[in-house]
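File shown: run.cif. Contents: mmCIF, C-alpha atoms and all ligand atoms.
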```cif
data_coords
#
loop_
_atom_site.label_atom_id
_atom_site.label_comp_id
_atom_site.auth_asym_id
_atom_site.auth_seq_id
_atom_site.Cartn_x
_atom_site.Cartn_y
_atom_site.Cartn_z
CA MET A 1 12.71 -51.99 321.12
CA ILE A 2 11.09 -48.70 321.94
CA ILE A 3 13.22 -45.77 323.09
CA GLU A 4 12.42 -42.24 324.17
CA THR A 5 14.54 -39.70 322.30
CA GLY A 6 13.16 -36.41 323.53
CA ASN A 7 11.21 -36.11 320.23
CA GLY A 8 8.82 -38.86 321.36
CA HIS A 9 9.00 -42.63 321.50
CA VAL A 10 10.60 -44.47 318.59
CA GLY A 11 10.33 -48.11 317.58
CA VAL A 12 13.80 -49.16 316.45
CA ASP A 13 15.90 -52.22 315.67
CA ASP A 14 19.55 -51.72 316.66
CA VAL A 15 21.54 -54.81 315.70
CA GLY A 16 25.26 -55.46 315.21
CA THR A 17 28.39 -53.47 315.94
CA GLY A 18 30.73 -51.27 313.97
CA LEU A 19 29.90 -48.59 311.40
CA PRO A 20 26.38 -47.25 312.17
CA VAL A 21 23.99 -47.53 309.22
CA VAL A 22 20.57 -45.89 309.68
CA LEU A 23 17.93 -47.48 307.45
CA LEU A 24 15.02 -45.15 306.67
CA HIS A 25 11.85 -46.77 305.36
CA GLY A 26 9.47 -45.54 302.67
CA PHE A 27 5.77 -44.71 302.63
CA PRO A 28 3.65 -46.19 304.11
CA HIS A 29 6.05 -48.73 305.55
CA THR A 30 7.62 -49.63 308.87
CA ARG A 31 11.12 -50.67 309.90
CA ALA A 32 10.10 -54.21 308.89
CA LEU A 33 10.92 -53.05 305.35
CA TRP A 34 14.60 -53.59 306.19
CA ALA A 35 14.35 -56.92 308.04
CA GLN A 36 16.44 -58.77 305.47
CA GLN A 37 19.10 -56.05 305.32
CA VAL A 38 19.33 -55.94 309.13
CA ALA A 39 19.72 -59.75 309.22
CA SER A 40 22.52 -59.71 306.67
CA LEU A 41 24.33 -56.39 307.13
CA SER A 42 24.42 -56.60 310.93
CA MET A 43 27.23 -59.14 310.56
CA ARG A 44 29.52 -56.30 309.44
CA ALA A 45 27.87 -53.05 310.63
CA ARG A 46 25.56 -51.62 313.28
CA CYS A 47 22.13 -51.51 311.64
CA ILE A 48 19.67 -49.03 313.08
CA ALA A 49 16.20 -49.22 311.55
CA PRO A 50 13.68 -46.82 313.10
CA ASP A 51 9.96 -46.52 312.50
CA LEU A 52 9.53 -42.98 311.24
CA ARG A 53 7.11 -40.71 313.12
CA GLY A 54 3.53 -41.86 312.49
CA PHE A 55 4.46 -45.45 311.56
CA GLY A 56 5.01 -48.74 313.36
CA ALA A 57 5.73 -48.30 317.06
CA SER A 58 6.77 -44.62 316.85
CA VAL A 59 4.92 -41.56 318.07
CA VAL A 60 1.93 -40.54 315.93
CA ASP A 61 2.00 -36.80 316.28
CA ALA A 62 2.44 -33.54 314.35
CA PRO A 63 4.37 -31.66 313.04
CA TRP A 64 4.40 -33.46 309.73
CA THR A 65 7.36 -32.17 307.75
CA MET A 66 10.57 -33.61 306.30
CA GLU A 67 12.44 -31.31 308.70
CA GLN A 68 10.66 -32.98 311.62
CA TYR A 69 11.51 -36.48 310.38
CA ALA A 70 15.15 -35.31 310.10
CA SER A 71 15.01 -33.86 313.59
CA ASP A 72 13.71 -37.25 314.78
CA VAL A 73 16.71 -38.98 313.15
CA ARG A 74 19.09 -36.55 314.85
CA ALA A 75 17.39 -37.14 318.22
CA LEU A 76 17.71 -40.89 317.65
CA LEU A 77 21.45 -40.58 316.88
CA ASP A 78 21.86 -38.52 320.04
CA ALA A 79 19.91 -41.00 322.15
CA LEU A 80 22.04 -43.88 320.82
CA GLU A 81 25.23 -41.80 321.29
CA ILE A 82 26.16 -42.08 317.62
CA GLU A 83 28.24 -39.22 316.28
CA ARG A 84 28.24 -40.08 312.56
CA ALA A 85 26.36 -42.61 310.46
CA VAL A 86 25.69 -43.84 306.97
CA LEU A 87 22.12 -42.98 305.98
CA ALA A 88 20.24 -45.35 303.69
CA GLY A 89 16.75 -44.32 302.62
CA LEU A 90 14.19 -45.90 300.32
CA SER A 91 11.83 -43.50 298.54
CA MET A 92 10.32 -41.33 301.32
CA GLY A 93 13.26 -42.53 303.43
CA GLY A 94 15.48 -40.97 300.76
CA TYR A 95 13.61 -37.67 301.14
CA VAL A 96 14.26 -37.90 304.88
CA ALA A 97 17.96 -38.65 304.28
CA MET A 98 18.18 -35.53 302.08
CA ALA A 99 16.51 -33.46 304.83
CA CYS A 100 19.11 -34.87 307.27
CA LEU A 101 21.88 -33.77 304.89
CA ARG A 102 20.48 -30.25 304.96
CA ALA A 103 20.11 -30.21 308.74
CA PHE A 104 23.28 -32.00 309.94
CA PRO A 105 25.65 -32.89 307.06
CA GLU A 106 28.55 -33.21 309.48
CA ARG A 107 26.98 -36.35 310.96
CA VAL A 108 26.52 -38.18 307.64
CA ILE A 109 29.47 -40.29 306.43
CA GLY A 110 27.83 -42.08 303.54
CA LEU A 111 24.58 -42.06 301.66
CA ALA A 112 22.61 -44.86 300.03
CA LEU A 113 19.57 -43.70 298.07
CA LEU A 114 17.15 -46.41 296.96
CA ASP A 115 14.21 -45.92 294.58
CA THR A 116 13.98 -42.21 295.28
CA GLN A 117 14.36 -38.82 293.64
CA ALA A 118 15.71 -35.33 294.35
CA GLY A 119 12.87 -33.21 292.98
CA ALA A 120 9.89 -31.81 294.86
CA ASP A 121 6.29 -32.60 293.93
CA ASP A 122 4.96 -30.68 290.92
CA ASP A 123 1.40 -29.32 290.87
CA ALA A 124 -0.06 -32.57 289.54
CA ALA A 125 1.69 -34.66 292.21
CA ARG A 126 0.55 -32.26 294.94
CA ALA A 127 -3.04 -32.52 293.71
CA LYS A 128 -2.76 -36.33 293.82
CA ARG A 129 -1.50 -36.17 297.42
CA ASP A 130 -4.48 -33.97 298.36
CA ALA A 131 -6.93 -36.35 296.67
CA LEU A 132 -5.38 -39.32 298.52
CA ILE A 133 -5.55 -37.44 301.83
CA THR A 134 -9.27 -36.91 301.26
CA GLN A 135 -9.75 -40.60 300.46
CA VAL A 136 -7.74 -41.78 303.48
CA ARG A 137 -9.84 -39.54 305.74
CA ALA A 138 -12.98 -41.14 304.29
CA ARG A 139 -11.90 -44.78 303.86
CA GLY A 140 -8.86 -45.25 306.07
CA VAL A 141 -5.86 -47.41 305.14
CA ASP A 142 -7.77 -49.25 302.36
CA ALA A 143 -7.58 -46.11 300.26
CA VAL A 144 -3.80 -46.03 300.28
CA VAL A 145 -3.43 -49.78 299.74
CA ASP A 146 -5.80 -49.65 296.75
CA ALA A 147 -4.06 -46.60 295.29
CA MET A 148 -0.46 -47.63 295.84
CA LEU A 149 0.10 -51.36 296.23
CA PRO A 150 -0.11 -52.29 292.52
CA GLY A 151 2.42 -49.62 291.49
CA MET A 152 4.67 -50.26 294.44
CA LEU A 153 5.76 -53.71 293.32
CA GLY A 154 7.36 -54.70 290.03
CA LYS A 155 5.57 -56.88 287.51
CA THR A 156 7.97 -59.76 288.23
CA THR A 157 7.15 -59.67 291.94
CA ARG A 158 3.43 -59.36 291.29
CA SER A 159 3.41 -62.37 289.00
CA GLN A 160 5.98 -64.61 290.74
CA ARG A 161 6.27 -63.64 294.43
CA PRO A 162 2.83 -63.66 296.13
CA ASP A 163 4.62 -63.96 299.49
CA VAL A 164 6.35 -60.60 298.97
CA VAL A 165 3.11 -58.97 297.79
CA ALA A 166 1.40 -60.22 300.97
CA ASP A 167 4.25 -59.01 303.21
CA VAL A 168 4.27 -55.52 301.67
CA GLU A 169 0.49 -55.29 301.91
CA SER A 170 0.42 -56.31 305.57
CA MET A 171 3.18 -53.81 306.36
CA MET A 172 1.15 -51.07 304.64
CA ARG A 173 -1.97 -52.07 306.58
CA GLU A 174 -0.19 -51.45 309.89
CA ALA A 175 -0.21 -47.71 309.19
CA THR A 176 -2.68 -45.42 310.93
CA PRO A 177 -4.74 -42.93 308.92
CA GLU A 178 -3.19 -40.09 310.95
CA GLY A 179 0.36 -41.22 310.17
CA ILE A 180 -0.49 -41.71 306.49
CA VAL A 181 -2.07 -38.26 306.15
CA GLY A 182 0.85 -36.67 308.00
CA ALA A 183 3.40 -38.32 305.71
CA LEU A 184 1.43 -37.36 302.60
CA GLN A 185 1.45 -33.73 303.78
CA ALA A 186 5.19 -33.89 304.51
CA MET A 187 5.95 -35.37 301.07
CA ARG A 188 3.62 -32.89 299.32
CA ASP A 189 5.34 -29.94 300.97
CA ARG A 190 8.93 -31.19 300.86
CA PRO A 191 11.48 -28.84 299.34
CA ASP A 192 13.41 -29.63 296.20
CA SER A 193 16.64 -31.40 297.15
CA THR A 194 18.54 -30.72 293.94
CA GLU A 195 20.94 -28.26 295.58
CA THR A 196 21.35 -30.55 298.58
CA ILE A 197 22.48 -33.38 296.31
CA ARG A 198 24.78 -31.06 294.36
CA THR A 199 26.70 -30.33 297.55
CA VAL A 200 27.08 -33.90 298.83
CA GLN A 201 30.62 -34.53 300.07
CA VAL A 202 30.37 -38.20 301.08
CA PRO A 203 30.39 -41.50 299.18
CA THR A 204 26.96 -42.11 297.70
CA MET A 205 25.36 -45.22 296.27
CA ILE A 206 22.14 -45.26 294.29
CA ILE A 207 19.92 -48.31 293.82
CA VAL A 208 16.77 -48.65 291.75
CA GLY A 209 14.58 -51.49 290.51
CA ASP A 210 14.37 -51.72 286.72
CA GLU A 211 10.59 -52.19 287.08
CA ASP A 212 10.11 -49.26 289.48
CA VAL A 213 7.23 -47.22 288.06
CA LEU A 214 6.90 -44.80 291.01
CA THR A 215 10.50 -43.54 290.85
CA PRO A 216 11.77 -45.06 287.58
CA PRO A 217 15.47 -45.61 286.78
CA ALA A 218 15.57 -42.29 284.88
CA LYS A 219 15.02 -40.49 288.23
CA SER A 220 18.01 -42.31 289.71
CA GLN A 221 20.13 -41.48 286.69
CA ALA A 222 19.15 -37.81 287.11
CA LEU A 223 20.02 -38.05 290.81
CA ALA A 224 23.45 -39.55 290.02
CA ALA A 225 24.10 -36.77 287.49
CA LEU A 226 23.61 -34.14 290.23
CA LEU A 227 26.27 -35.57 292.53
CA PRO A 228 29.68 -33.91 292.53
CA PRO A 229 32.38 -35.91 290.71
CA GLY A 230 33.95 -38.55 292.91
CA THR A 231 31.00 -38.98 295.24
CA VAL A 232 28.93 -41.48 293.20
CA CYS A 233 30.30 -44.90 294.00
CA ARG A 234 27.79 -46.87 292.05
CA LEU A 235 24.35 -46.87 290.51
CA ASP A 236 22.88 -50.36 290.66
CA VAL A 237 19.81 -51.13 288.57
CA ILE A 238 18.27 -54.22 290.13
CA VAL A 239 16.75 -56.48 287.52
CA GLY A 240 13.29 -57.88 288.26
CA SER A 241 12.50 -55.40 291.03
CA GLY A 242 9.94 -52.65 291.40
CA HIS A 243 9.89 -49.77 293.90
CA VAL A 244 10.46 -51.87 297.05
CA SER A 245 13.84 -53.21 295.95
CA CYS A 246 15.04 -54.20 299.43
CA MET A 247 12.10 -56.63 299.81
CA GLU A 248 11.74 -57.64 296.16
CA ARG A 249 15.43 -58.49 295.54
CA PRO A 250 16.92 -58.52 299.05
CA SER A 251 20.09 -60.43 298.13
CA ALA A 252 21.05 -57.95 295.43
CA VAL A 253 20.44 -55.02 297.79
CA ASN A 254 22.30 -56.73 300.65
CA TYR A 255 25.28 -57.35 298.41
CA ALA A 256 25.40 -53.73 297.20
CA LEU A 257 25.02 -52.36 300.75
CA ALA A 258 27.73 -54.69 302.10
CA GLU A 259 30.19 -53.51 299.45
CA PHE A 260 29.24 -49.90 300.11
CA VAL A 261 29.75 -50.27 303.87
CA GLU A 262 33.16 -51.78 303.21
CA LEU A 263 34.08 -48.82 301.00
CA VAL A 264 32.95 -46.25 303.61
CA GLN A 265 34.85 -48.16 306.31
CA SER A 266 38.04 -48.12 304.22
CA ARG A 267 38.04 -44.31 303.85
C1 LIG A 301 7.42 -44.10 298.98
O1 LIG A 301 7.55 -45.27 298.58
O2 LIG A 301 7.99 -43.71 300.01
C2 LIG A 301 6.54 -43.18 298.20
O3 LIG A 301 6.13 -43.80 297.02
C3 LIG A 301 7.22 -41.88 297.89
C4 LIG A 301 6.31 -40.90 297.22
O4 LIG A 301 5.11 -41.14 297.15
O5 LIG A 301 6.81 -39.86 296.75
#
```

As a first step, turn the structure in this file into structure tokens.
Ligand code: MLT
Amino acid sequence: MIIETGNGHVGVDDVGTGLPVVLLHGFPHTRALWAQQVASLSMRARCIAPDLRGFGASVVDAPWTMEQYASDVRALLDALEIERAVLAGLSMGGYVAMACLRAFPERVIGLALLDTQAGADDDAARAKRDALITQVRARGVDAVVDAMLPGMLGKTTRSQRPDVVADVESMMREATPEGIVGALQAMRDRPDSTETIRTVQVPTMIIVGDEDVLTPPAKSQALAALLPPGTVCRLDVIVGSGHVSCMERPSAVNYALAEFVELVQSR
């Protein structure tokens, strides 16, 4: 469905009842990233999967910052009359979840961080974002698919799951050049979230594919090490998955999320 939140229109799936779990997709994805989690987890929780600004059926409009994406999540919670929610974010979705924690920690009751990292871009990463922005302006979506698709999926998926490769590629191809450039700017300029993670007060689960080359398992281990004692519930390394773990090994991710939701519900 499409709803108007006051921050613009948002494409969103809102399925199930109970504990609200907001599923934040990565770059350059849409809410379709979470289709298999929504199908499974909605039997025990309320799954809310929005298209982030610039993607899918959501508004394609500046400003392009992590703070704006977080403001969009807050406006969505308000529009859906949800006071507190679990936030689950994959990669860029994890950056957005961390921006939400900075902006409205009192509304976050659990955190699931998939294939993501706490640090900001270094100079080399920022230069790569700028080069990709130039290419996307010249060549459109092809530039980002060519640059990112091979690294986005694990070697097991690339060799054994052509259906998943095709699904991820078609999801990437839905993006508009304007949305892609905006997200690249937002990621390039995002602040370091190290201190944000150090002050987390809620149960947190971390998931990473063992074949993730964009945010490798070492980044997740570093993320887990930043969390205050008692907040890390688990760090699951998903065997045979690359960066898009929720599409590459959906059952493993569904299982981990279901257990995590149960734990948050029991607190
Ligand atoms: C993503 O999957 O969201 C991106 O790879 C994140 C990034 O480029 O930093």

Could you give me, as a ChimeraX atom specification, the residues within 12 Å of Val60 (chain A), counting only C-alpha atoms and dropping anything in the same chain fewer than 2 positions from it?
/A:7-11,51-58,62-64,69,175-183

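Closest to Val239 (chain A) among A:Cys100, A:Ile2, A:Ala218, A:Val208 is A:Val208, based on only C-alpha atoms.
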
When you count only C-alpha atoms, which of these residues is closest to Arg190 (chain A): A:Met43, A:Met171, A:Leu80, A:Ala125?
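Residue with the minimum atom-to-atom distance to Arg190 (chain A): A:Ala125.
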
Polymer residues at most 10 Å from region 12-24 of chain A, all atoms listed in the file, same-chain spacing of 5 or more positions, as a PyMOL selection string
chain A and resi 1-3+29-35+37-52+56-58+73+76-77+80+82-97+108-113+257+261-262+264-265

Contact residues around region 167-170 of chain A with only C-alpha atoms at 9 Å, ignoring same-chain residues under 6 positions, as an mmCIF file with C-alpha atoms, in the frame of the given file:
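Done, and the output landed in part38.cif:
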```cif
data_model
loop_
_atom_site.group_PDB
_atom_site.id
_atom_site.type_symbol
_atom_site.label_atom_id
_atom_site.label_comp_id
_atom_site.auth_asym_id
_atom_site.auth_seq_id
_atom_site.Cartn_x
_atom_site.Cartn_y
_atom_site.Cartn_z
ATOM 1 C CA HIS A 29 6.050 -48.730 305.550
ATOM 2 C CA LEU A 33 10.920 -53.050 305.350
ATOM 3 C CA VAL A 145 -3.430 -49.780 299.740
ATOM 4 C CA LEU A 149 0.100 -51.360 296.230
ATOM 5 C CA MET A 152 4.670 -50.260 294.440
ATOM 6 C CA LEU A 153 5.760 -53.710 293.320
ATOM 7 C CA VAL A 244 10.460 -51.870 297.050
ATOM 8 C CA MET A 247 12.100 -56.630 299.810
#
```

Could you jot down the CA of Leu114 (chain A) to CA of Gln160 (chain A) separation for me, Å, one decimal place?
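According to the coordinates, CA of Leu114 (chain A) and CA of Gln160 (chain A) are separated by 22.2 Å.
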
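The closest residue to ligand LIG 301 (chain A), picked from A:Thr134, A:Ser245, A:Thr199, A:Thr116 and counting all atoms listed in the file, is A:Thr116.
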
With all atoms listed in the file as the counted atoms, please give the residues lying no more than 12 Å from Ala147 (chain A), apart from itself and same-chain residues fewer than 3 positions off, as an mmCIF file with C-alpha atoms, in the frame of the given file.
```cif
data_model
loop_
_atom_site.group_PDB
_atom_site.id
_atom_site.type_symbol
_atom_site.label_atom_id
_atom_site.label_comp_id
_atom_site.auth_asym_id
_atom_site.auth_seq_id
_atom_site.Cartn_x
_atom_site.Cartn_y
_atom_site.Cartn_z
ATOM 1 C CA PRO A 28 3.650 -46.190 304.110
ATOM 2 C CA LYS A 128 -2.760 -36.330 293.820
ATOM 3 C CA ARG A 129 -1.500 -36.170 297.420
ATOM 4 C CA ALA A 131 -6.930 -36.350 296.670
ATOM 5 C CA LEU A 132 -5.380 -39.320 298.520
ATOM 6 C CA ILE A 133 -5.550 -37.440 301.830
ATOM 7 C CA GLN A 135 -9.750 -40.600 300.460
ATOM 8 C CA VAL A 136 -7.740 -41.780 303.480
ATOM 9 C CA ARG A 139 -11.900 -44.780 303.860
ATOM 10 C CA GLY A 140 -8.860 -45.250 306.070
ATOM 11 C CA VAL A 141 -5.860 -47.410 305.140
ATOM 12 C CA ASP A 142 -7.770 -49.250 302.360
ATOM 13 C CA ALA A 143 -7.580 -46.110 300.260
ATOM 14 C CA VAL A 144 -3.800 -46.030 300.280
ATOM 15 C CA PRO A 150 -0.110 -52.290 292.520
ATOM 16 C CA GLY A 151 2.420 -49.620 291.490
ATOM 17 C CA MET A 152 4.670 -50.260 294.440
ATOM 18 C CA GLU A 169 0.490 -55.290 301.910
ATOM 19 C CA MET A 172 1.150 -51.070 304.640
ATOM 20 C CA LEU A 214 6.900 -44.800 291.010
#
```

Which is closest to ligand LIG 301 (chain A) among A:Leu101, A:Ile197, A:Ala166, A:Leu184, if we use only C-alpha atoms and all ligand atoms?
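Closest residue, counting only C-alpha atoms and all ligand atoms: A:Leu184.
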
Counting all atoms listed in the file, find residues at most 10 Å from (13.6, -30.3, 297.5) (file frame) and give them as an NGL selection string.
:A and (66 or 95 or 98-99 or 117-121 or 187 or 189-197)

Of the candidates A:Asp61, A:Glu106, A:Asp212, A:Glu81, which one gets nearest to ligand LIG 301 (chain A) if we count all atoms listed in the file?
A:Asp212

Straight-line distance linking CA of Val253 (chain A) with CA of Ile206 (chain A), stated in Å to one decimal
10.5 Å
